[in-house]
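Visitor: Structure file query18.txt (compact mmCIF, C-alpha atoms and all ligand atoms) right here:
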```txt
# COMPACT_ATOMS: atom_id res chain seq x y z
CA MET H 1 137.01 46.48 93.91
CA ALA H 2 134.40 44.08 92.56
CA ILE H 3 135.34 40.44 92.84
CA GLY H 4 137.62 38.32 95.04
CA GLU H 5 137.74 40.58 98.08
CA SER H 6 139.38 39.38 101.27
CA ASP H 7 137.50 38.72 104.51
CA SER H 8 139.40 41.57 106.14
CA ASN H 9 137.92 44.04 103.64
CA TRP H 10 134.43 42.84 104.45
CA GLN H 11 135.17 43.06 108.19
CA LEU H 12 136.48 46.59 107.74
CA ALA H 13 133.27 47.56 105.90
CA ASP H 14 131.25 46.03 108.76
CA SER H 15 133.20 47.96 111.38
CA GLN H 16 132.80 51.18 109.38
CA LEU H 17 129.05 50.63 109.18
CA ALA H 18 128.91 49.95 112.93
CA MET H 19 130.69 53.23 113.59
CA PHE H 20 128.16 55.17 111.57
CA ASP H 21 125.09 53.39 112.87
CA GLN H 22 123.04 56.10 114.56
CA LYS H 23 121.39 53.70 117.05
CA LYS H 24 124.74 52.36 118.22
CA GLU H 25 126.06 55.87 118.45
CA ALA H 26 123.16 56.81 120.68
CA ASN H 27 124.14 53.97 123.00
CA SER H 28 127.88 54.06 123.37
CA GLN H 29 129.86 54.18 120.14
CA LYS H 30 129.66 57.89 119.58
CA LEU H 31 131.73 58.76 116.57
CA THR H 32 134.61 61.08 117.26
CA ALA H 33 137.39 62.59 115.17
CA ASN H 34 139.81 60.36 117.08
CA CYS H 35 137.80 57.25 116.14
CA LEU H 36 138.24 58.12 112.49
CA LYS H 37 141.92 58.87 112.95
CA ASP H 38 142.42 55.47 114.62
CA LEU H 39 140.51 53.68 111.87
CA TRP H 40 142.62 55.42 109.23
CA ASN H 41 145.87 54.48 110.97
CA LYS H 42 144.75 50.87 111.47
CA SER H 43 143.83 50.60 107.78
CA PHE H 44 146.95 52.31 106.45
CA ILE H 45 149.09 49.92 104.37
CA ILE H 46 152.66 51.12 104.62
CA ASP H 47 154.09 48.51 102.18
CA THR H 48 152.57 50.23 99.14
CA TYR H 49 154.95 53.21 99.48
CA GLU H 50 158.54 53.35 98.27
CA SER H 51 159.94 55.06 101.34
CA ARG H 52 159.06 55.78 104.93
CA VAL H 53 159.05 59.53 104.16
CA GLU H 54 156.48 59.05 101.40
CA ALA H 55 154.36 56.82 103.62
CA ASP H 56 154.45 59.35 106.48
CA PHE H 57 153.40 62.12 104.11
CA HIS H 58 150.36 60.16 102.96
CA ARG H 59 149.50 58.97 106.46
CA GLN H 60 149.45 62.58 107.68
CA ARG H 61 147.51 63.72 104.66
CA GLY H 62 144.97 61.01 105.42
CA GLU H 63 144.66 62.21 109.01
CA GLU H 64 143.93 65.75 107.80
CA ILE H 65 141.33 64.37 105.37
CA MET H 66 139.71 62.41 108.21
CA LYS H 67 139.35 65.67 110.19
CA LYS H 68 137.68 67.37 107.23
CA TYR H 69 135.46 64.34 106.72
CA PHE H 70 134.43 64.37 110.37
CA ASP H 71 133.43 68.07 110.13
CA TRP H 72 131.34 67.26 107.06
CA TRP H 73 129.76 64.23 108.74
CA LYS H 74 128.70 66.05 111.92
CA SER H 75 127.28 69.03 110.01
CA GLU H 76 123.89 67.29 109.77
CA HIS H 77 121.97 64.29 111.10
CA ARG H 78 122.70 61.33 108.86
CA GLN H 79 121.08 57.92 108.75
CA VAL H 80 123.43 55.56 107.05
CA MET H 81 121.91 52.59 105.19
CA GLY H 82 125.14 51.08 103.97
CA VAL H 83 128.85 51.55 103.42
CA GLU H 84 130.79 49.68 100.77
CA THR H 85 127.51 48.14 99.64
CA SER H 86 128.12 45.57 96.94
CA PHE H 87 125.82 45.04 93.98
CA LYS H 88 125.52 42.93 90.86
CA ILE H 89 123.01 44.03 88.26
CA ASP H 90 121.88 43.04 84.80
CA VAL H 91 121.95 46.09 82.53
CA GLY H 92 120.42 45.12 79.19
CA GLY H 93 122.07 41.69 79.34
CA VAL H 94 125.39 43.02 80.67
CA TYR H 95 126.28 42.02 84.22
CA LEU H 96 127.89 44.77 86.24
CA GLY H 97 129.18 44.58 89.80
CA GLY H 98 130.63 47.10 92.16
CA ARG H 99 130.47 48.69 95.57
CA ILE H 100 128.81 51.91 96.59
CA ASP H 101 130.87 53.91 99.09
CA ARG H 102 127.96 55.16 101.18
CA ILE H 103 124.16 55.14 101.10
CA GLU H 104 122.13 57.40 103.38
CA LYS H 105 118.42 57.40 104.07
CA GLY H 106 116.60 59.45 101.52
CA ILE H 107 117.93 57.65 99.38
CA LYS H 108 121.20 59.47 98.91
CA VAL H 109 124.24 57.88 97.27
CA ILE H 110 127.67 59.24 98.14
CA ASP H 111 130.81 58.46 96.19
CA PHE H 112 134.07 59.57 97.80
CA LYS H 113 136.91 61.00 95.75
CA THR H 114 140.31 62.34 96.69
CA THR H 115 141.00 63.86 93.27
CA GLN H 116 140.37 67.45 92.22
CA PRO H 117 136.63 68.22 92.02
CA ARG H 118 135.09 67.81 88.60
CA LEU H 119 132.74 70.28 86.92
CA GLN H 120 129.01 70.06 87.62
CA GLU H 121 128.30 69.09 83.99
CA GLU H 122 130.82 66.26 84.19
CA VAL H 123 129.19 64.89 87.35
CA ASP H 124 125.76 65.27 85.69
CA ALA H 125 126.97 63.01 82.86
CA ASP H 126 129.00 60.56 84.97
CA LEU H 127 128.30 56.96 83.96
CA GLN H 128 129.39 55.48 87.29
CA LEU H 129 126.67 57.44 89.09
CA SER H 130 124.09 56.31 86.53
CA ILE H 131 125.08 52.70 87.24
CA TYR H 132 124.75 53.35 90.99
CA SER H 133 121.29 54.75 90.36
CA LEU H 134 120.28 51.54 88.57
CA ALA H 135 121.86 49.48 91.36
CA ILE H 136 119.91 51.34 94.06
CA LYS H 137 116.66 50.60 92.22
CA GLU H 138 117.63 46.91 92.20
CA LEU H 139 118.63 46.92 95.89
CA TYR H 140 115.87 49.07 97.39
CA GLY H 141 113.10 49.12 94.77
CA GLU H 142 113.36 52.87 94.21
CA PHE H 143 115.76 55.26 92.52
CA PRO H 144 117.95 57.50 94.68
CA SER H 145 116.73 61.05 95.17
CA GLU H 146 120.27 62.39 95.16
CA LEU H 147 123.70 61.32 93.93
CA VAL H 148 126.73 63.03 95.43
CA MET H 149 130.39 63.11 94.48
CA LEU H 150 132.16 64.04 97.69
CA TYR H 151 135.65 65.39 97.02
CA LEU H 152 137.87 65.20 100.08
CA ASN H 153 141.27 66.72 100.53
CA GLU H 154 143.28 68.09 103.42
CA ASN H 155 141.93 71.61 102.87
CA SER H 156 138.30 71.18 101.96
CA VAL H 157 135.26 69.02 101.35
CA THR H 158 133.36 69.68 98.13
CA GLU H 159 129.96 68.12 97.50
CA ILE H 160 128.75 68.04 93.91
CA LYS H 161 125.15 66.86 93.78
CA THR H 162 123.26 65.48 90.85
CA GLU H 163 120.30 63.24 89.95
CA ARG H 164 119.28 61.07 87.04
CA SER H 165 116.17 61.32 84.90
CA GLU H 166 114.53 58.33 83.23
CA SER H 167 115.89 59.37 79.83
CA GLN H 168 119.43 59.74 81.22
CA LEU H 169 119.21 56.21 82.61
CA LYS H 170 117.96 54.89 79.27
CA ASP H 171 120.97 56.57 77.61
CA ALA H 172 123.30 55.01 80.18
CA ILE H 173 121.89 51.54 79.42
CA LYS H 174 122.44 52.15 75.68
CA GLN H 175 125.99 53.31 76.36
CA ILE H 176 126.76 50.20 78.44
CA THR H 177 125.32 47.77 75.87
CA SER H 178 127.17 49.52 73.08
CA VAL H 179 130.50 49.31 74.97
CA ASN H 180 129.77 45.64 75.64
CA ASN H 181 129.25 45.09 71.89
CA TYR H 182 132.58 46.77 71.12
CA ILE H 183 134.28 44.48 73.65
CA LYS H 184 132.64 41.35 72.18
CA GLU H 185 133.71 42.36 68.66
CA GLY H 186 137.26 43.14 69.81
CA GLU H 187 136.77 46.75 68.79
CA PHE H 188 139.06 48.91 70.95
CA LYS H 189 139.55 52.01 68.81
CA PRO H 190 140.38 55.02 70.99
CA ARG H 191 137.82 57.79 71.19
CA PRO H 192 139.80 60.75 72.46
CA SER H 193 138.05 63.74 73.92
CA ALA H 194 139.49 66.64 75.89
CA SER H 195 137.26 66.02 78.91
CA VAL H 196 138.26 62.34 79.19
CA CYS H 197 141.91 62.58 78.09
CA LYS H 198 142.79 65.36 80.52
CA ARG H 199 142.29 62.94 83.44
CA CYS H 200 143.79 59.90 81.71
CA PRO H 201 147.03 58.60 83.26
CA TYR H 202 148.24 57.53 79.78
CA LYS H 203 147.89 60.91 78.07
CA GLY H 204 151.69 61.46 78.17
CA VAL H 205 152.32 58.37 76.02
CA CYS H 206 149.10 58.16 74.02
CA ASP H 207 149.43 59.03 70.30
CA VAL H 208 145.86 60.25 69.96
CA ALA H 209 145.41 62.13 73.25
CA ALA H 210 143.16 65.14 72.76
CA VAL H 211 145.10 67.26 75.26
S1 LIG H 301 144.73 59.89 76.39
FE1 LIG H 301 144.56 58.22 74.92
S2 LIG H 301 144.20 56.40 76.21
FE2 LIG H 301 143.77 58.20 77.46
S3 LIG H 301 141.58 58.55 77.24
FE3 LIG H 301 142.61 59.84 75.71
S4 LIG H 301 142.62 58.56 73.86
FE4 LIG H 301 142.17 57.16 75.58
```
Written as structure tokens, that's how I'd like the structure from this file.
Guide:
Amino acid sequence: MAIGESDSNWQLADSQLAMFDQKKEANSQKLTANCLKDLWNKSFIIDTYESRVEADFHRQRGEEIMKKYFDWWKSEHRQVMGVETSFKIDVGGVYLGGRIDRIEKGIKVIDFKTTQPRLQEEVDADLQLSIYSLAIKELYGEFPSELVMLYLNENSVTEIKTERSESQLKDAIKQITSVNNYIKEGEFKPRPSASVCKRCPYKGVCDVAAV
């Protein structure tokens, strides 16, 4: 979500940050698995599901994911710098905005996913993480030392770590400006590739899908 967010979303982000604040935890708000379960249930929007059965399935799945997340979280001492941190950056004349799921001291960027884990080489080339790297430099004056895709599901937590070199970031900037030029020129020719198309929700109806 980038623009036009409701106050309640911002409040939720604030309450999440408060929960993970180590100083507050040391005082009284010690994070527990039940805390996370409650937060999940309070945030669950039942209206987006077609039936009660479907909603219950996803609510329960979410509770299992929260347990896995809690185990991951308590496995080491973490100093959180931000959750749902918004940014707006100028990348070669293109303005990009977004929110970073979690930033930990280090500086470590964590992006949560509930999809199947991707391959290491895909995460190494992921443009979203390159943009986050540029955003961190803008926000904190230094590049992150680590970028993590954290894949959560009811059975496991998979961390895929990566980093970005200067030349990778230069390539990312070129890629962004070139996409921006295509948009300005109204040039929307598809560029199918197996690695992209296999995760595309339109592959079943797309005439040029590569898978
Ligand atoms: S399946 Fe079609 S729409 Fe989807 S990424 Fe591939 S080419 Fe693009």
Visitor: List all protein, DNA and RNA residues that have any atom at most 9 Å from ligand LIG 301 (chain H), counting all atoms listed in the file, and write the list as a ChimeraX atom specification.
Guide: /H:189-211
Visitor: Give one line per residue of segment 143-179 of chain H that approaches segment 101-115 of chain H to at most 6 Å, naming the two atoms of the closest pair and their distance in Å to one decimal, counting only C-alpha atoms; sort by chain then ascending residue number and deliver it as a Markdown table.
Guide:
```
| residue | atom | partner | partner_atom | distance |
| --- | --- | --- | --- | --- |
| H:Pro144 | CA | H:Ile107 | CA | 4.7 |
| H:Ser145 | CA | H:Ile107 | CA | 5.5 |
| H:Glu146 | CA | H:Lys108 | CA | 4.8 |
| H:Leu147 | CA | H:Val109 | CA | 4.8 |
| H:Val148 | CA | H:Ile110 | CA | 4.8 |
| H:Met149 | CA | H:Asp111 | CA | 5.0 |
| H:Leu150 | CA | H:Phe112 | CA | 4.9 |
| H:Tyr151 | CA | H:Lys113 | CA | 4.7 |
| H:Leu152 | CA | H:Thr114 | CA | 5.1 |
| H:Asn153 | CA | H:Thr114 | CA | 5.9 |
```
Visitor: Go ahead and write the residues just picked, C-alpha atoms, as a CSV table (one decimal), keeping the file's coordinate frame.
Guide:
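Output file part-v3.csv is given in full below:
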```
chain,number,residue,atom,x,y,z
H,144,PRO,CA,118.0,57.5,94.7
H,145,SER,CA,116.7,61.0,95.2
H,146,GLU,CA,120.3,62.4,95.2
H,147,LEU,CA,123.7,61.3,93.9
H,148,VAL,CA,126.7,63.0,95.4
H,149,MET,CA,130.4,63.1,94.5
H,150,LEU,CA,132.2,64.0,97.7
H,151,TYR,CA,135.6,65.4,97.0
H,152,LEU,CA,137.9,65.2,100.1
H,153,ASN,CA,141.3,66.7,100.5
```
Visitor: Considering all atoms listed in the file, state which residue in the set H:Leu134, H:Thr85, H:Glu159, H:Met66 is at the smallest distance from Ile173 of chain H.
Guide: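 Of H:Leu134, H:Thr85, H:Glu159, H:Met66, the one nearest Ile173 of chain H is H:Leu134, counting all atoms listed in the file.
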Visitor: Determine, counting all atoms listed in the file, every residue of protein, DNA or RNA that lies within 12 Å of (141.5, 55.8, 115.9) in the file coordinates, then give the result as a list in words.
Guide: Gln16, Met19, Leu31, Thr32, Ala33, Asn34, Cys35, Leu36, Lys37, Asp38, Leu39, Trp40, Asn41, Lys42, Ser43, Phe44, Glu63, Met66 and Lys67 of chain H
Visitor: With all atoms listed in the file as the atoms that count, which of H:Arg164, H:Val157, H:Glu187, H:Ser178 lies nearest to Tyr69 of chain H?
Guide: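 Using all atoms listed in the file, the shortest distance to Tyr69 of chain H belongs to H:Val157.
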Visitor: Neighbouring residues of Glu138 of chain H were defined as those with any atom within 12 Å, considering only C-alpha atoms; residues of the same chain fewer than 6 positions away were excluded. Please report them as an MDAnalysis selection string.
Guide: chainID H and resid 86:91 131:132 144
Visitor: So how far away is atom CA of Thr162 of chain H from atom CA of Pro117 of chain H, in Å?
Guide: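 Between these atoms lies a distance of 13.7 Å.
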Visitor: What is the atom CA of Glu185 of chain H to atom CA of Val94 of chain H distance in Å?
Guide: 14.6 Å
Visitor: Grab the atom CA of Lys184 of chain H to atom CA of Ile100 of chain H distance for me, in Å with one decimal place.
Guide: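 Atom-to-atom, atom CA of Lys184 of chain H and atom CA of Ile100 of chain H are spaced 26.9 Å apart.
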Visitor: Let me have the centre and edge lengths of the axis-aligned box enclosing all listed atoms of segment 185-190 of chain H with 4 Å padding on every side, in Å to one decimal, as AutoDock Vina command-line options.
Guide:
```
--center_x 137.0 --center_y 48.7 --center_z 69.8 --size_x 14.7 --size_y 20.7 --size_z 10.3
```
Visitor: Generate the coordinates of N, CA and C atoms for segment 56-68 of chain H; report them as a CSV table (one decimal), in the frame of the given file.
Guide:
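Result file follows (part.csv):
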```
chain,number,residue,atom,x,y,z
H,56,ASP,N,154.8,58.4,105.4
H,56,ASP,CA,154.4,59.4,106.5
H,56,ASP,C,153.7,60.5,105.9
H,57,PHE,N,154.1,61.0,104.7
H,57,PHE,CA,153.4,62.1,104.1
H,57,PHE,C,151.9,61.7,103.9
H,58,HIS,N,151.7,60.6,103.3
H,58,HIS,CA,150.4,60.2,103.0
H,58,HIS,C,149.5,59.8,104.2
H,59,ARG,N,150.2,59.3,105.2
H,59,ARG,CA,149.5,59.0,106.5
H,59,ARG,C,149.0,60.3,107.1
H,60,GLN,N,149.9,61.3,107.1
H,60,GLN,CA,149.4,62.6,107.7
H,60,GLN,C,148.4,63.2,106.9
H,61,ARG,N,148.5,63.1,105.5
H,61,ARG,CA,147.5,63.7,104.7
H,61,ARG,C,146.2,63.1,105.0
H,62,GLY,N,146.2,61.7,105.1
H,62,GLY,CA,145.0,61.0,105.4
H,62,GLY,C,144.3,61.5,106.7
H,63,GLU,N,145.2,61.7,107.7
H,63,GLU,CA,144.7,62.2,109.0
H,63,GLU,C,144.0,63.6,108.9
H,64,GLU,N,144.6,64.4,108.0
H,64,GLU,CA,143.9,65.8,107.8
H,64,GLU,C,142.6,65.6,107.1
H,65,ILE,N,142.6,64.6,106.1
H,65,ILE,CA,141.3,64.4,105.4
H,65,ILE,C,140.3,63.8,106.3
H,66,MET,N,140.7,63.0,107.2
H,66,MET,CA,139.7,62.4,108.2
H,66,MET,C,139.1,63.5,109.0
H,67,LYS,N,139.9,64.5,109.4
H,67,LYS,CA,139.4,65.7,110.2
H,67,LYS,C,138.3,66.4,109.4
H,68,LYS,N,138.6,66.7,108.1
H,68,LYS,CA,137.7,67.4,107.2
H,68,LYS,C,136.4,66.5,107.1
```
